[in-house]
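Chemist: One file is attached below, work_15.cif, containing mmCIF, C-alpha atoms.
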data_coords
loop_
_atom_site.group_PDB
_atom_site.id
_atom_site.type_symbol
_atom_site.label_atom_id
_atom_site.label_comp_id
_atom_site.auth_asym_id
_atom_site.auth_seq_id
_atom_site.Cartn_x
_atom_site.Cartn_y
_atom_site.Cartn_z
ATOM 1 C CA MET A 38 -65.825 -135.538 -78.541
ATOM 2 C CA ALA A 39 -62.187 -134.643 -79.151
ATOM 3 C CA GLN A 40 -62.688 -131.389 -77.240
ATOM 4 C CA GLN A 41 -64.108 -133.276 -74.241
ATOM 5 C CA GLN A 42 -61.112 -135.658 -74.240
ATOM 6 C CA SER A 43 -58.742 -132.684 -74.359
ATOM 7 C CA VAL A 44 -60.460 -131.075 -71.353
ATOM 8 C CA GLU A 45 -60.196 -134.332 -69.359
ATOM 9 C CA GLU A 46 -56.470 -134.588 -70.185
ATOM 10 C CA ILE A 47 -55.966 -130.996 -68.992
ATOM 11 C CA ASP A 48 -57.836 -131.718 -65.731
ATOM 12 C CA LEU A 49 -55.779 -134.850 -65.059
ATOM 13 C CA GLY A 50 -52.580 -133.012 -65.867
ATOM 14 C CA TYR A 51 -53.502 -130.223 -63.467
ATOM 15 C CA LEU A 52 -54.368 -132.767 -60.763
ATOM 16 C CA PHE A 53 -51.040 -134.629 -61.136
ATOM 17 C CA LYS A 54 -49.194 -131.305 -61.053
ATOM 18 C CA LYS A 55 -50.885 -130.308 -57.784
ATOM 19 C CA LEU A 56 -50.205 -133.711 -56.276
ATOM 20 C CA LYS A 57 -46.554 -133.400 -57.231
ATOM 21 C CA GLU A 58 -46.338 -129.937 -55.690
ATOM 22 C CA THR A 59 -48.063 -131.105 -52.506
ATOM 23 C CA SER A 60 -45.712 -134.103 -52.167
ATOM 24 C CA LYS A 61 -42.714 -131.860 -52.751
ATOM 25 C CA ASN A 62 -43.882 -129.371 -50.101
ATOM 26 C CA LEU A 63 -44.523 -132.196 -47.665
ATOM 27 C CA ILE A 64 -41.006 -133.577 -48.168
ATOM 28 C CA LYS A 65 -39.568 -130.072 -47.694
ATOM 29 C CA LEU A 66 -41.535 -129.731 -44.439
ATOM 30 C CA VAL A 67 -40.244 -133.064 -43.142
ATOM 31 C CA PHE A 68 -36.645 -132.065 -43.841
ATOM 32 C CA LYS A 69 -37.176 -128.657 -42.238
ATOM 33 C CA VAL A 70 -38.424 -130.366 -39.080
ATOM 34 C CA LEU A 71 -35.465 -132.745 -39.100
ATOM 35 C CA ASP A 72 -33.060 -129.857 -39.658
ATOM 36 C CA PHE A 73 -34.630 -128.006 -36.733
ATOM 37 C CA TYR A 74 -34.196 -130.923 -34.308
ATOM 38 C CA LEU A 75 -30.670 -131.630 -35.588
ATOM 39 C CA LYS A 76 -29.785 -127.980 -35.082
ATOM 40 C CA PHE A 77 -31.030 -128.044 -31.498
ATOM 41 C CA TRP A 78 -30.146 -131.660 -30.717
ATOM 42 C CA ILE A 79 -28.384 -130.679 -27.507
ATOM 43 C CA VAL A 80 -31.511 -128.909 -26.250
ATOM 44 C CA VAL A 81 -33.697 -131.863 -27.282
ATOM 45 C CA LEU A 82 -31.395 -134.319 -25.535
ATOM 46 C CA ALA A 83 -31.368 -132.180 -22.400
ATOM 47 C CA LEU A 84 -35.179 -132.030 -22.413
ATOM 48 C CA ILE A 85 -35.396 -135.811 -22.800
ATOM 49 C CA LEU A 86 -33.030 -136.365 -19.881
ATOM 50 C CA LEU A 87 -34.843 -133.784 -17.783
ATOM 51 C CA GLY A 88 -38.221 -135.351 -18.604
ATOM 52 C CA VAL A 89 -37.012 -138.863 -17.777
ATOM 53 C CA ALA A 90 -35.530 -137.677 -14.471
ATOM 54 C CA TYR A 91 -38.674 -135.784 -13.511
ATOM 55 C CA GLY A 92 -40.897 -138.693 -14.576
ATOM 56 C CA PHE A 93 -38.786 -141.119 -12.568
ATOM 57 C CA TYR A 94 -39.126 -138.872 -9.520
ATOM 58 C CA LEU A 95 -42.920 -138.734 -9.903
ATOM 59 C CA ASP A 96 -43.228 -142.489 -10.479
ATOM 60 C CA SER A 97 -41.087 -143.296 -7.462
ATOM 61 C CA ASN A 98 -43.218 -141.073 -5.202
ATOM 62 C CA ALA A 99 -46.608 -141.916 -6.703
ATOM 63 C CA LYS A 100 -49.047 -144.075 -4.791
ATOM 64 C CA ASN A 101 -50.466 -147.142 -6.465
ATOM 65 C CA GLU A 102 -54.128 -146.893 -7.407
ATOM 66 C CA TYR A 103 -56.665 -149.716 -7.297
ATOM 67 C CA ASP A 104 -60.151 -150.290 -8.682
ATOM 68 C CA ASN A 105 -62.623 -151.886 -6.280
ATOM 69 C CA GLN A 106 -65.639 -152.923 -8.321
ATOM 70 C CA GLY A 107 -68.841 -154.319 -6.910
ATOM 71 C CA ILE A 108 -72.627 -154.505 -6.998
ATOM 72 C CA ILE A 109 -74.951 -152.911 -4.460
ATOM 73 C CA ILE A 110 -78.693 -152.636 -3.798
ATOM 74 C CA PRO A 111 -80.062 -149.284 -2.607
ATOM 75 C CA ASN A 112 -83.105 -150.186 -0.510
ATOM 76 C CA PHE A 113 -86.114 -148.211 0.765
ATOM 77 C CA GLU A 114 -86.251 -145.934 -2.310
ATOM 78 C CA SER A 115 -82.824 -144.572 -1.388
ATOM 79 C CA VAL A 116 -81.379 -144.328 -4.924
ATOM 80 C CA ASP A 117 -81.542 -140.526 -5.042
ATOM 81 C CA TYR A 118 -80.068 -140.325 -1.543
ATOM 82 C CA LEU A 119 -77.188 -142.591 -2.545
ATOM 83 C CA TYR A 120 -76.371 -140.833 -5.831
ATOM 84 C CA ASN A 121 -76.476 -137.388 -4.193
ATOM 85 C CA ASN A 122 -74.326 -138.653 -1.349
ATOM 86 C CA ILE A 123 -71.704 -140.000 -3.759
ATOM 87 C CA GLU A 124 -71.615 -136.652 -5.592
ATOM 88 C CA TYR A 125 -71.226 -134.901 -2.238
ATOM 89 C CA PHE A 126 -68.466 -137.344 -1.218
ATOM 90 C CA ASN A 127 -66.543 -136.749 -4.465
ATOM 91 C CA ASN A 128 -66.756 -132.984 -3.955
ATOM 92 C CA LYS A 129 -65.262 -133.387 -0.500
ATOM 93 C CA ILE A 130 -62.419 -135.425 -1.998
ATOM 94 C CA LYS A 131 -61.738 -132.780 -4.683
ATOM 95 C CA THR A 132 -61.747 -129.934 -2.180
ATOM 96 C CA ARG A 133 -59.664 -132.007 0.260
ATOM 97 C CA ASP A 134 -62.059 -131.501 3.127
ATOM 98 C CA THR A 135 -59.993 -133.440 5.657
ATOM 99 C CA VAL A 136 -62.426 -132.704 8.489
ATOM 100 C CA PHE A 137 -65.247 -134.539 6.733
ATOM 101 C CA LEU A 138 -63.021 -137.305 5.344
ATOM 102 C CA LYS A 139 -61.496 -138.015 8.771
ATOM 103 C CA GLN A 140 -64.986 -138.314 10.272
ATOM 104 C CA VAL A 141 -65.861 -141.019 7.727
ATOM 105 C CA LEU A 142 -62.539 -142.767 7.081
ATOM 106 C CA ALA A 143 -60.492 -141.950 10.204
ATOM 107 C CA GLU A 144 -56.787 -142.610 9.519
ATOM 108 C CA ASP A 145 -57.583 -143.646 5.924
ATOM 109 C CA PHE A 146 -58.914 -140.189 4.991
ATOM 110 C CA GLU A 147 -56.549 -139.960 1.996
ATOM 111 C CA ALA A 148 -57.241 -143.474 0.737
ATOM 112 C CA ILE A 149 -60.125 -142.750 -1.668
ATOM 113 C CA LYS A 150 -59.557 -140.956 -4.977
ATOM 114 C CA LYS A 151 -63.105 -141.133 -6.382
ATOM 115 C CA ILE A 152 -66.392 -143.044 -6.231
ATOM 116 C CA GLU A 153 -68.419 -143.980 -9.308
ATOM 117 C CA ILE A 154 -71.866 -145.548 -9.603
ATOM 118 C CA GLU A 155 -74.199 -146.505 -12.428
ATOM 119 C CA PRO A 156 -77.391 -148.560 -12.663
ATOM 120 C CA ILE A 157 -77.415 -152.076 -14.038
ATOM 121 C CA SER A 158 -80.169 -151.919 -16.633
ATOM 122 C CA ASP A 159 -82.574 -154.824 -16.226
ATOM 123 C CA VAL A 160 -85.656 -153.612 -18.051
ATOM 124 C CA TYR A 161 -87.404 -156.966 -18.402
ATOM 125 C CA ASN A 162 -87.425 -157.867 -14.705
ATOM 126 C CA THR A 163 -88.209 -154.304 -13.679
ATOM 127 C CA MET A 164 -91.116 -153.921 -16.085
ATOM 128 C CA THR A 165 -92.742 -157.252 -15.326
ATOM 129 C CA LYS A 166 -93.055 -156.792 -11.569
ATOM 130 C CA SER A 167 -96.556 -155.378 -11.864
ATOM 131 C CA ARG A 168 -99.093 -154.033 -14.307
ATOM 132 C CA GLU A 169 -98.572 -150.521 -12.943
ATOM 133 C CA GLN A 170 -94.854 -150.628 -13.729
ATOM 134 C CA ILE A 171 -95.555 -151.812 -17.271
ATOM 135 C CA ASP A 172 -97.851 -148.810 -17.771
ATOM 136 C CA VAL A 173 -95.224 -146.435 -16.345
ATOM 137 C CA PHE A 174 -92.503 -147.748 -18.644
ATOM 138 C CA ARG A 175 -94.812 -147.579 -21.660
ATOM 139 C CA ILE A 176 -95.413 -143.879 -21.012
ATOM 140 C CA LEU A 177 -91.707 -143.222 -20.472
ATOM 141 C CA PHE A 178 -90.677 -144.991 -23.668
ATOM 142 C CA GLN A 179 -93.265 -143.100 -25.679
ATOM 143 C CA ASN A 180 -91.659 -139.797 -24.671
ATOM 144 C CA GLN A 181 -88.015 -140.875 -24.783
ATOM 145 C CA ASP A 182 -85.737 -143.099 -26.863
ATOM 146 C CA LEU A 183 -84.680 -146.341 -25.220
ATOM 147 C CA ASP A 184 -80.946 -145.459 -25.304
ATOM 148 C CA LYS A 185 -81.583 -142.012 -23.854
ATOM 149 C CA PHE A 186 -83.757 -143.567 -21.187
ATOM 150 C CA PHE A 187 -80.867 -145.708 -19.975
ATOM 151 C CA GLU A 188 -78.434 -142.782 -20.104
ATOM 152 C CA ASP A 189 -80.723 -140.570 -18.021
ATOM 153 C CA ILE A 190 -79.456 -140.919 -14.464
ATOM 154 C CA SER A 191 -82.865 -139.930 -13.075
ATOM 155 C CA ASN A 192 -84.241 -143.278 -14.293
ATOM 156 C CA SER A 193 -81.730 -145.243 -12.213
ATOM 157 C CA LYS A 194 -84.268 -145.506 -9.387
ATOM 158 C CA TYR A 195 -86.210 -148.077 -11.404
ATOM 159 C CA PHE A 196 -83.377 -150.620 -11.328
ATOM 160 C CA LYS A 197 -82.558 -152.787 -8.348
ATOM 161 C CA TYR A 198 -78.829 -153.389 -8.841
ATOM 162 C CA HIS A 199 -76.104 -150.768 -9.318
ATOM 163 C CA LYS A 200 -72.420 -150.976 -10.189
ATOM 164 C CA LEU A 201 -70.122 -149.372 -7.652
ATOM 165 C CA ASN A 202 -66.486 -148.510 -8.320
ATOM 166 C CA ILE A 203 -64.286 -147.033 -5.593
ATOM 167 C CA VAL A 204 -60.738 -146.043 -6.541
ATOM 168 C CA THR A 205 -58.325 -146.311 -3.629
ATOM 169 C CA ARG A 206 -54.679 -145.296 -3.485
ATOM 170 C CA GLY A 207 -51.725 -146.253 -1.349
ATOM 171 C CA GLU A 208 -51.019 -149.412 0.560
ATOM 172 C CA VAL A 209 -54.261 -149.519 2.525
ATOM 173 C CA ASN A 210 -56.760 -152.241 3.317
ATOM 174 C CA SER A 211 -59.352 -151.460 0.662
ATOM 175 C CA LYS A 212 -61.924 -153.741 2.253
ATOM 176 C CA ASN A 213 -61.796 -151.806 5.535
ATOM 177 C CA VAL A 214 -61.989 -148.484 3.703
ATOM 178 C CA ILE A 215 -65.080 -149.547 1.737
ATOM 179 C CA GLU A 216 -66.727 -150.925 4.879
ATOM 180 C CA LYS A 217 -66.342 -147.461 6.440
ATOM 181 C CA VAL A 218 -67.995 -145.860 3.417
ATOM 182 C CA LEU A 219 -70.887 -148.333 3.560
ATOM 183 C CA LYS A 220 -71.260 -147.730 7.289
ATOM 184 C CA TYR A 221 -71.499 -143.996 6.588
ATOM 185 C CA TRP A 222 -74.207 -144.533 3.934
ATOM 186 C CA ASN A 223 -76.133 -146.855 6.251
ATOM 187 C CA SER A 224 -76.046 -144.438 9.198
ATOM 188 C CA ASN A 225 -78.897 -142.231 7.954
ATOM 189 C CA GLU A 226 -81.489 -142.086 10.744
ATOM 190 C CA LEU A 227 -84.547 -141.831 8.506
ATOM 191 C CA TYR A 228 -83.618 -144.780 6.315
ATOM 192 C CA ASP A 229 -82.582 -146.724 9.402
ATOM 193 C CA GLU A 230 -86.154 -146.352 10.673
ATOM 194 C CA TYR A 231 -87.440 -147.393 7.259
ATOM 195 C CA SER A 232 -85.340 -150.541 7.562
ATOM 196 C CA GLY A 233 -87.388 -151.825 10.501
ATOM 197 C CA LEU A 234 -90.690 -151.027 8.805
ATOM 198 C CA TYR A 235 -89.728 -152.704 5.543
ATOM 199 C CA GLN A 236 -88.417 -155.784 7.390
ATOM 200 C CA GLU A 237 -91.663 -156.154 9.340
ATOM 201 C CA ASN A 238 -93.708 -155.701 6.190
ATOM 202 C CA ALA A 239 -91.687 -158.348 4.315
ATOM 203 C CA ILE A 240 -92.161 -160.855 7.172
ATOM 204 C CA PHE A 241 -95.878 -160.066 7.253
ATOM 205 C CA GLN A 242 -96.145 -160.577 3.483
ATOM 206 C CA VAL A 243 -94.495 -163.991 3.736
ATOM 207 C CA LYS A 244 -96.989 -165.069 6.408
ATOM 208 C CA GLU A 245 -100.002 -163.776 4.467
ATOM 209 C CA TYR A 246 -98.942 -165.337 1.188
ATOM 210 C CA ASN A 247 -98.375 -168.667 2.936
ATOM 211 C CA LYS A 248 -101.882 -168.435 4.414
ATOM 212 C CA MET A 249 -103.267 -167.813 0.920
ATOM 213 C CA ASN A 250 -101.379 -170.856 -0.351
ATOM 214 C CA LEU A 251 -102.937 -173.017 2.398
ATOM 215 C CA GLN A 252 -106.380 -171.707 1.506
ATOM 216 C CA ILE A 253 -105.816 -172.499 -2.177
ATOM 217 C CA ASP A 254 -104.582 -175.991 -1.264
ATOM 218 C CA SER A 255 -107.690 -176.510 0.845
ATOM 219 C CA ILE A 256 -109.980 -175.480 -2.004
ATOM 220 C CA LEU A 257 -108.120 -177.678 -4.488
ATOM 221 C CA SER A 258 -108.309 -180.635 -2.106
ATOM 222 C CA SER A 259 -112.067 -180.231 -1.613
ATOM 223 C CA VAL A 260 -112.647 -179.915 -5.355
ATOM 224 C CA VAL A 261 -110.663 -183.067 -6.086
ATOM 225 C CA ASN A 262 -112.370 -185.066 -3.344
ATOM 226 C CA SER A 263 -115.862 -184.038 -4.451
ATOM 227 C CA ASN A 264 -115.213 -184.761 -8.095
ATOM 228 C CA GLN A 265 -116.851 -187.996 -9.237
ATOM 229 C CA ASN A 266 -115.508 -188.050 -12.774
ATOM 230 C CA VAL A 267 -112.504 -190.257 -12.274
ATOM 231 C CA ASN A 268 -111.232 -192.545 -14.990
ATOM 232 C CA SER A 269 -109.719 -195.957 -14.495
ATOM 233 C CA SER A 270 -106.188 -194.577 -14.095
ATOM 234 C CA GLY A 271 -107.241 -192.340 -11.235
ATOM 235 C CA VAL A 272 -106.921 -189.038 -13.135
ATOM 236 C CA VAL A 273 -109.520 -186.426 -12.233
ATOM 237 C CA ILE A 274 -111.493 -185.069 -15.183
ATOM 238 C CA ASN A 275 -112.826 -181.647 -14.289
ATOM 239 C CA GLU A 276 -114.400 -179.302 -16.778
ATOM 240 C CA ASN A 277 -114.489 -176.419 -14.328
ATOM 241 C CA SER A 278 -112.113 -173.733 -15.675
ATOM 242 C CA SER A 279 -111.847 -172.165 -12.203
ATOM 243 C CA LEU A 280 -109.698 -175.116 -11.160
ATOM 244 C CA PHE A 281 -106.987 -174.036 -13.580
ATOM 245 C CA ALA A 282 -107.303 -170.470 -12.313
ATOM 246 C CA LEU A 283 -106.566 -171.770 -8.814
ATOM 247 C CA PHE A 284 -103.401 -173.450 -10.032
ATOM 248 C CA ASP A 285 -102.335 -170.179 -11.668
ATOM 249 C CA ARG A 286 -103.138 -168.314 -8.467
ATOM 250 C CA LYS A 287 -101.068 -170.753 -6.421
ATOM 251 C CA GLU A 288 -98.092 -170.291 -8.747
ATOM 252 C CA GLU A 289 -98.473 -166.524 -8.404
ATOM 253 C CA MET A 290 -98.551 -166.795 -4.604
ATOM 254 C CA LEU A 291 -95.418 -168.953 -4.572
ATOM 255 C CA ASN A 292 -93.606 -166.314 -6.621
ATOM 256 C CA LYS A 293 -94.806 -163.617 -4.236
ATOM 257 C CA VAL A 294 -93.490 -165.621 -1.269
ATOM 258 C CA LEU A 295 -90.114 -165.869 -2.975
ATOM 259 C CA GLU A 296 -90.039 -162.134 -3.694
ATOM 260 C CA ALA A 297 -90.995 -161.307 -0.103
ATOM 261 C CA GLU A 298 -88.303 -163.635 1.257
ATOM 262 C CA LYS A 299 -85.717 -161.968 -1.006
ATOM 263 C CA LYS A 300 -86.821 -158.550 0.243
ATOM 264 C CA ARG A 301 -86.474 -159.703 3.830
ATOM 265 C CA VAL A 302 -82.835 -160.598 3.110
ATOM 266 C CA ASP A 303 -82.125 -157.415 1.104
ATOM 267 C CA TYR A 304 -83.632 -155.102 3.701
ATOM 268 C CA LYS A 305 -80.873 -155.634 6.255
ATOM 269 C CA ASN A 306 -79.170 -152.386 5.184
ATOM 270 C CA VAL A 307 -79.985 -149.149 3.423
ATOM 271 C CA VAL A 308 -77.202 -149.928 0.938
ATOM 272 C CA ARG A 309 -76.807 -153.687 0.646
ATOM 273 C CA LEU A 310 -73.467 -154.935 -0.652
ATOM 274 C CA VAL A 311 -73.971 -157.860 -3.028
ATOM 275 C CA SER A 312 -70.363 -158.470 -4.089
ATOM 276 C CA MET A 313 -67.046 -156.652 -4.346
ATOM 277 C CA ASP A 314 -63.779 -157.377 -6.152
ATOM 278 C CA TYR A 315 -60.956 -155.646 -4.330
ATOM 279 C CA ASN A 316 -57.581 -154.215 -5.397
ATOM 280 C CA LYS A 317 -57.506 -154.405 -9.177
ATOM 281 C CA GLU A 318 -54.379 -152.368 -9.887
ATOM 282 C CA ILE A 319 -54.694 -149.416 -12.280
ATOM 283 C CA HIS A 320 -51.771 -149.037 -14.698
ATOM 284 C CA HIS A 321 -51.096 -145.475 -15.815
ATOM 285 C CA PHE A 322 -48.963 -144.215 -18.702
ATOM 286 C CA SER A 323 -45.392 -143.972 -17.379
ATOM 287 C CA ASN A 324 -44.296 -140.467 -16.399
ATOM 288 C CA LYS A 325 -40.775 -141.343 -17.647
ATOM 289 C CA ILE A 326 -42.231 -141.419 -21.157
ATOM 290 C CA LYS A 327 -44.948 -138.807 -20.780
ATOM 291 C CA TYR A 328 -42.839 -135.883 -19.555
ATOM 292 C CA PRO A 329 -40.058 -136.053 -22.194
ATOM 293 C CA ILE A 330 -42.816 -135.911 -24.829
ATOM 294 C CA ILE A 331 -44.468 -132.966 -23.054
ATOM 295 C CA PHE A 332 -41.193 -131.027 -22.723
ATOM 296 C CA ILE A 333 -40.247 -131.550 -26.397
ATOM 297 C CA PHE A 334 -43.769 -130.593 -27.486
ATOM 298 C CA LEU A 335 -43.668 -127.363 -25.475
ATOM 299 C CA PHE A 336 -40.212 -126.521 -26.869
ATOM 300 C CA SER A 337 -41.407 -127.210 -30.423
ATOM 301 C CA LEU A 338 -44.562 -125.167 -29.887
ATOM 302 C CA GLY A 339 -42.544 -122.229 -28.601
ATOM 303 C CA ALA A 340 -40.159 -122.419 -31.575
ATOM 304 C CA PHE A 341 -43.105 -122.585 -33.989
ATOM 305 C CA ILE A 342 -44.741 -119.517 -32.410
ATOM 306 C CA ILE A 343 -41.489 -117.545 -32.727
ATOM 307 C CA TYR A 344 -41.071 -118.680 -36.342
ATOM 308 C CA ALA A 345 -44.672 -117.758 -37.196
ATOM 309 C CA PHE A 346 -44.311 -114.359 -35.538
ATOM 310 C CA LYS A 347 -41.145 -113.548 -37.519
ATOM 311 C CA TYR A 348 -42.726 -114.734 -40.767
ATOM 312 C CA LEU A 349 -45.859 -112.640 -40.237
ATOM 313 C CA ARG A 350 -43.791 -109.571 -39.340
ATOM 314 C CA GLN A 351 -41.717 -109.925 -42.521
ATOM 315 C CA TYR A 352 -44.927 -110.352 -44.526
ATOM 316 C CA ALA A 353 -46.425 -107.246 -42.930
ATOM 317 C CA GLU A 354 -43.303 -105.159 -43.676
ATOM 318 C CA GLN A 355 -43.323 -106.035 -47.364
ATOM 319 C CA GLU A 356 -44.444 -103.167 -49.609
#
The structure in this file should be written as structure tokens.
Modeler:
Amino acid sequence: MAQQQSVEEIDLGYLFKKLKETSKNLIKLVFKVLDFYLKFWIVVLALILLGVAYGFYLDSNAKNEYDNQGIIIPNFESVDYLYNNIEYFNNKIKTRDTVFLKQVLAEDFEAIKKIEIEPISDVYNTMTKSREQIDVFRILFQNQDLDKFFEDISNSKYFKYHKLNIVTRGEVNSKNVIEKVLKYWNSNELYDEYSGLYQENAIFQVKEYNKMNLQIDSILSSVVNSNQNVNSSGVVINENSSLFALFDRKEEMLNKVLEAEKKRVDYKNVVRLVSMDYNKEIHHFSNKIKYPIIFIFLFSLGAFIIYAFKYLRQYAEQE
């Protein structure tokens, strides 16, 4: 027992000794760094002044940047078309393809910095549209985690609404710039033809569903009129379960009419703009602060490399 206590005291003593040595080395390192900057304070001051001057020059010539955030609906199964087009557009911006950008944006060809898009995940409404969609989602979820499913951009086609963010720069009319981009997306000939077909189909669906509603109303009216089981309060007592099925069917038809009417409104464009908040200014880290830090860091890194090289050479020359 006494031997065990002695071993523990030795271990604690060794630990405190190492901690003391580490603290002492750390303090020495701090003072070495301070001595270094005090020794070269003129150089450090010059770098700070140079960095502030250069940062001020960049800030004074930089163009303001703005976020324009909105919601859009890609219609006619055009999600893949839209996402590929945005990737293509961003590549043209990076490569500064002024020929292409002038065709789309005219005099505002330098106004867009980047375009971002992501789906708005609405699993419940998407899954409950039909039995077929429920089966599709069940299969997908069996083979993939829910979080990974949402992160997979290929699944974006299942969602109706998408977030759109267009970053503009300079004193331009962001609304006009974004309208030009939307006009470009909506100018696809194939999807423009689809637009007419989908519109006609939506109008036809509304008419057919309304006819079905009238037929259901007619059946309900005939059932009520022919029913003889009426109590004193005038309430019809009907034991026929099909009557309740008709009410359910009527509710279903009313929902289908609403969906068809919404489609008719949505199908006006290939890419339908729902809403857009314009000109939310983006605040960047000031160049007047950033560049002095960068210059001092580069100077310190260079001095450290020289110091390390000299130390390693001395170590290598030792016998």
Chemist: In Å to one decimal, how far is CA of Val214 (chain A) from CA of Glu144 (chain A)?
Modeler: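 Atom-to-atom, CA of Glu144 (chain A) and CA of Val214 (chain A) are spaced 9.8 Å apart.
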Chemist: Interatomic distance between CA of Lys129 (chain A) and CA of Lys151 (chain A)?
Modeler: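 The value is 10.0 Å.
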Chemist: When you count all atoms listed in the file, which of these residues is closest to Ser158 (chain A): A:Lys217, A:His199, A:Lys131, A:Gly207?
Modeler: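 Looking at the shortest contact to Ser158 (chain A), the residue is A:His199.
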Chemist: Between CA of Leu295 (chain A) and CA of Ser115 (chain A), what is the distance in Å, rounded to a tenth?
Modeler: 22.6 Å
Chemist: Skipping near chain neighbours, those fewer than 3 positions away, what residues fall within 12 Å of Lys220 (chain A) using only C-alpha atoms, listed as a list in words?
Modeler: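 Residues near the query, excluding close chain neighbours: Gln140, Val141, Leu142, Asn213, Val214, Ile215, Glu216, Lys217, Asn223, Ser224, Asn225, Asp229, Asn306, Val307, Val308, Arg309 and Leu310 of chain A.
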Chemist: Write out as a list in words which residues come within 10 Å of region 337-347 of chain A when counting all atoms listed in the file, dropping same-chain ones fewer than 5 positions away.
Modeler: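 Final neighbour list, sorted by chain and number: Val70, Phe73, Tyr74, Val81, Ile331, Phe332, Tyr352 and Ala353 of chain A.
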Chemist: Spell out the residues picked by the PyMOL selection byres ((chain A and resi 294) around 8) here, as a PyMOL selection string.
Modeler: chain A and resi 242-243+246-247+290-293+295-298
Chemist: Go ahead and write the selection's residues with C-alpha atoms as a PDB file, in the frame of the given file.
Modeler:
ATOM      1  CA  GLN A 242     -96.145-160.577   3.483  1.00  0.00           C
ATOM      2  CA  VAL A 243     -94.495-163.991   3.736  1.00  0.00           C
ATOM      3  CA  TYR A 246     -98.942-165.337   1.188  1.00  0.00           C
ATOM      4  CA  ASN A 247     -98.375-168.667   2.936  1.00  0.00           C
ATOM      5  CA  MET A 290     -98.551-166.795  -4.604  1.00  0.00           C
ATOM      6  CA  LEU A 291     -95.418-168.953  -4.572  1.00  0.00           C
ATOM      7  CA  ASN A 292     -93.606-166.314  -6.621  1.00  0.00           C
ATOM      8  CA  LYS A 293     -94.806-163.617  -4.236  1.00  0.00           C
ATOM      9  CA  LEU A 295     -90.114-165.869  -2.975  1.00  0.00           C
ATOM     10  CA  GLU A 296     -90.039-162.134  -3.694  1.00  0.00           C
ATOM     11  CA  ALA A 297     -90.995-161.307  -0.103  1.00  0.00           C
ATOM     12  CA  GLU A 298     -88.303-163.635   1.257  1.00  0.00           C
TER      13      GLU A 298
END
Chemist: Which is closer to Asn324 (chain A) than all the others in A:Ile253, A:Leu87, A:Tyr118, A:Leu71, using only C-alpha atoms?
Modeler: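 Residue with the minimum atom-to-atom distance to Asn324 (chain A): A:Leu87.
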Chemist: If the PyMOL selection byres ((chain A and resi 116) around 12) were run on this exact file, what residues would it hold? Put them as a ChimeraX atom specification.
Modeler: /A:109-115,117-123,154-156,190-199,222,228,307-309
Chemist: Find the residues near Phe93 (chain A): any atom within 9 Å, counting all atoms listed in the file, skip ones fewer than 3 places away on the same chain, and give them as a list of chain:residue names.
Modeler: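 The filter keeps A:Gly88, A:Val89, A:Ala90, A:Asp96, A:Ser97, A:Asn98, A:Ser323, A:Asn324, A:Lys325.
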Chemist: Between A:Leu63, A:Leu95, A:Ala148, A:Leu234, which residue has the minimum interatomic distance to Ile326 (chain A), considering all atoms listed in the file?
Modeler: A:Leu95
Chemist: Can you translate the PyMOL selection byres ((chain A and resi 107) around 9) into the concrete residues it hits in this file, as a list in words?
Modeler: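 Applied to this file, the PyMOL selection byres ((chain A and resi 107) around 9) returns Asn105, Gln106, Ile108, Ile109, His199, Lys200, Leu201, Asn202, Ile203, Leu310, Val311, Ser312, Met313, Asp314 and Tyr315 of chain A.
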Chemist: Select, from A:Ile130, A:Ile85, A:Leu349, A:Asn250, the residue with the minimum atom-to-atom distance to Tyr328 (chain A), counting only C-alpha atoms.
Modeler: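 Closest to Tyr328 (chain A), using only C-alpha atoms: A:Ile85.
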Chemist: Taking all atoms listed in the file into account, which of A:Ile256, A:Val218, A:Leu56, A:Val302 comes nearest Ala143 (chain A)?
Modeler: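 Smallest distance to Ala143 (chain A) is found for A:Val218.
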